[in-house]
Amino acid sequence: MRYKGPLPHWLIRPINGFTTALRTSPRWGRLARRRLTVVTYTGRRSGRTFSTPVSYRRSGETVTINVAMPERKRWWRNFTGEGRPISLELDEQVRTGHAVARPYAKGRVSLTVRLDDRREDGESPAAGTAA
């Protein structure tokens, strides 16, 4: 299906590129990373890997992404039902998690991401033993 969003298709890539560059900017990056991240996921039908910048809210190990104009976008549909794996750039690191899309009030959609456990050595907290 062709893109049917509110902006011309030729404008979307430059806007996403600008948003991604803003996150890495020495001057504005720190501020931008507080509310903007890049999510990477695998398409459930195509098997291709996609990355897109999104705004988010974080509370502990839970990240919430409110999808703006969900009726015009398709990427979030990869996370309906049981959800799927996703990775996000948070705290200057790539974090993995499990995302589930849920509709709420008047056609709006929210993605809830439960971040995977991690430790500095890369092992799960359950893998270690008390010394």
# chains A, B, ... in the order shown; residues from 1 in each chain; ligands from 1

$ residues_around --residues "A:Arg77" --least-positions-apart "2" --cutoff "12 Å" --atoms "only C-alpha atoms" --output "MDAnalysis selection string"
chainID A and resid 41:45 67 70:75 79:84 99:103 109:111

$ atom_distance --atom1 "atom CA of A:Pro26" --atom2 "atom CA of A:Asn66"
26.9 Å

$ atom_distance --atom1 "atom CA of A:Arg114" --atom2 "atom CA of A:Thr62"
4.9 Å

$ closest_residue --among "A:Val94, A:Val38, A:Val113, A:Ala105" --to "A:Ile65" --atoms "only C-alpha atoms"
A:Val113

$ select_by_dssp --residues "stretch 13-131 of chain A" --states "alpha helix (DSSP H)" --output "list in words"
Arg13, Pro14, Ile15, Asn16, Gly17, Phe18, Thr19, Thr20, Ala21, Leu22, Arg23, Thr24, Gly29, Arg30, Leu31 and Ala32 of chain A

$ closest_residue --among "A:Thr52, A:Gly107, A:Thr37, A:Arg57" --to "A:Gln93" --atoms "only C-alpha atoms"
A:Thr37

$ atom_distance --atom1 "atom CA of A:Phe50" --atom2 "atom CA of A:Arg30"
23.9 Å

$ closest_residue --among "A:Asn16, A:Leu11, A:His98, A:Ser87" --to "A:Thr49" --atoms "only C-alpha atoms"
A:Ser87

$ residues_around --residues "A:Leu90" --least-positions-apart "2" --cutoff "12 Å" --atoms "only C-alpha atoms" --output "PyMOL selection string"
chain A and resi 23+30+32-39+54-58+60-63+87-88+92-97+115

$ write_last_selection --atoms "N, CA and C atoms" --output "PDB file, in the first residue's frame"
ATOM      1  N   ARG A  23      19.134  14.270  17.510  1.00  0.00           N
ATOM      2  CA  ARG A  23      19.460  13.460  18.692  1.00  0.00           C
ATOM      3  C   ARG A  23      20.968  13.323  18.900  1.00  0.00           C
ATOM      4  N   ARG A  30      21.423  16.298  23.762  1.00  0.00           N
ATOM      5  CA  ARG A  30      21.072  15.923  25.136  1.00  0.00           C
ATOM      6  C   ARG A  30      19.614  16.260  25.451  1.00  0.00           C
ATOM      7  N   ALA A  32      17.196  16.759  23.144  1.00  0.00           N
ATOM      8  CA  ALA A  32      16.319  15.991  22.245  1.00  0.00           C
ATOM      9  C   ALA A  32      16.162  14.545  22.712  1.00  0.00           C
ATOM     10  N   ARG A  33      17.235  13.949  23.229  1.00  0.00           N
ATOM     11  CA  ARG A  33      17.171  12.538  23.653  1.00  0.00           C
ATOM     12  C   ARG A  33      16.269  12.317  24.862  1.00  0.00           C
ATOM     13  N   ARG A  34      15.897  13.368  25.570  1.00  0.00           N
ATOM     14  CA  ARG A  34      14.987  13.225  26.714  1.00  0.00           C
ATOM     15  C   ARG A  34      13.605  12.749  26.275  1.00  0.00           C
ATOM     16  N   ARG A  35      13.197  13.109  25.046  1.00  0.00           N
ATOM     17  CA  ARG A  35      11.847  12.773  24.582  1.00  0.00           C
ATOM     18  C   ARG A  35      11.811  12.094  23.216  1.00  0.00           C
ATOM     19  N   LEU A  36      12.956  12.026  22.529  1.00  0.00           N
ATOM     20  CA  LEU A  36      12.998  11.393  21.207  1.00  0.00           C
ATOM     21  C   LEU A  36      13.919  10.183  21.234  1.00  0.00           C
ATOM     22  N   THR A  37      13.494   9.107  20.598  1.00  0.00           N
ATOM     23  CA  THR A  37      14.325   7.926  20.458  1.00  0.00           C
ATOM     24  C   THR A  37      14.140   7.375  19.057  1.00  0.00           C
ATOM     25  N   VAL A  38      14.980   6.430  18.703  1.00  0.00           N
ATOM     26  CA  VAL A  38      14.830   5.720  17.435  1.00  0.00           C
ATOM     27  C   VAL A  38      14.477   4.278  17.776  1.00  0.00           C
ATOM     28  N   VAL A  39      13.349   3.811  17.249  1.00  0.00           N
ATOM     29  CA  VAL A  39      12.963   2.411  17.457  1.00  0.00           C
ATOM     30  C   VAL A  39      13.359   1.617  16.226  1.00  0.00           C
ATOM     31  N   VAL A  54      10.761   8.398  17.138  1.00  0.00           N
ATOM     32  CA  VAL A  54       9.476   8.582  17.809  1.00  0.00           C
ATOM     33  C   VAL A  54       9.686   9.350  19.107  1.00  0.00           C
ATOM     34  N   SER A  55       8.623   9.967  19.598  1.00  0.00           N
ATOM     35  CA  SER A  55       8.682  10.571  20.932  1.00  0.00           C
ATOM     36  C   SER A  55       8.221   9.516  21.933  1.00  0.00           C
ATOM     37  N   TYR A  56       8.681   9.630  23.166  1.00  0.00           N
ATOM     38  CA  TYR A  56       8.370   8.612  24.170  1.00  0.00           C
ATOM     39  C   TYR A  56       8.328   9.214  25.566  1.00  0.00           C
ATOM     40  N   ARG A  57       7.753   8.425  26.482  1.00  0.00           N
ATOM     41  CA  ARG A  57       7.786   8.702  27.924  1.00  0.00           C
ATOM     42  C   ARG A  57       8.322   7.449  28.586  1.00  0.00           C
ATOM     43  N   ARG A  58       9.127   7.630  29.604  1.00  0.00           N
ATOM     44  CA  ARG A  58       9.700   6.472  30.297  1.00  0.00           C
ATOM     45  C   ARG A  58       9.404   6.560  31.776  1.00  0.00           C
ATOM     46  N   GLY A  60      10.696   4.081  34.734  1.00  0.00           N
ATOM     47  CA  GLY A  60      11.445   2.896  35.118  1.00  0.00           C
ATOM     48  C   GLY A  60      11.812   2.069  33.894  1.00  0.00           C
ATOM     49  N   GLU A  61      11.378   0.825  33.882  1.00  0.00           N
ATOM     50  CA  GLU A  61      11.688  -0.090  32.783  1.00  0.00           C
ATOM     51  C   GLU A  61      10.531  -0.211  31.798  1.00  0.00           C
ATOM     52  N   THR A  62       9.627   0.760  31.817  1.00  0.00           N
ATOM     53  CA  THR A  62       8.499   0.787  30.883  1.00  0.00           C
ATOM     54  C   THR A  62       8.573   2.067  30.057  1.00  0.00           C
ATOM     55  N   VAL A  63       8.461   1.912  28.749  1.00  0.00           N
ATOM     56  CA  VAL A  63       8.477   3.040  27.822  1.00  0.00           C
ATOM     57  C   VAL A  63       7.126   3.084  27.122  1.00  0.00           C
ATOM     58  N   SER A  87      13.813  -2.649  19.633  1.00  0.00           N
ATOM     59  CA  SER A  87      14.970  -2.050  20.299  1.00  0.00           C
ATOM     60  C   SER A  87      14.832  -0.536  20.220  1.00  0.00           C
ATOM     61  N   LEU A  88      15.343   0.138  21.258  1.00  0.00           N
ATOM     62  CA  LEU A  88      15.254   1.588  21.372  1.00  0.00           C
ATOM     63  C   LEU A  88      16.610   2.130  21.788  1.00  0.00           C
ATOM     64  N   GLU A  92      21.890   6.664  25.668  1.00  0.00           N
ATOM     65  CA  GLU A  92      23.043   6.467  24.793  1.00  0.00           C
ATOM     66  C   GLU A  92      23.432   4.996  24.649  1.00  0.00           C
ATOM     67  N   GLN A  93      22.468   4.107  24.827  1.00  0.00           N
ATOM     68  CA  GLN A  93      22.657   2.669  24.638  1.00  0.00           C
ATOM     69  C   GLN A  93      21.463   2.131  23.878  1.00  0.00           C
ATOM     70  N   VAL A  94      21.649   0.990  23.233  1.00  0.00           N
ATOM     71  CA  VAL A  94      20.520   0.320  22.592  1.00  0.00           C
ATOM     72  C   VAL A  94      19.938  -0.643  23.612  1.00  0.00           C
ATOM     73  N   ARG A  95      18.662  -0.478  23.903  1.00  0.00           N
ATOM     74  CA  ARG A  95      17.960  -1.355  24.836  1.00  0.00           C
ATOM     75  C   ARG A  95      16.929  -2.156  24.065  1.00  0.00           C
ATOM     76  N   THR A  96      16.765  -3.406  24.428  1.00  0.00           N
ATOM     77  CA  THR A  96      15.769  -4.253  23.789  1.00  0.00           C
ATOM     78  C   THR A  96      14.585  -4.429  24.724  1.00  0.00           C
ATOM     79  N   GLY A  97      13.459  -4.799  24.148  1.00  0.00           N
ATOM     80  CA  GLY A  97      12.268  -5.006  24.950  1.00  0.00           C
ATOM     81  C   GLY A  97      11.181  -5.667  24.127  1.00  0.00           C
ATOM     82  N   LEU A 115      11.079  -3.067  28.900  1.00  0.00           N
ATOM     83  CA  LEU A 115      12.485  -3.252  28.595  1.00  0.00           C
ATOM     84  C   LEU A 115      12.999  -4.542  29.210  1.00  0.00           C
TER      85      LEU A 115
END
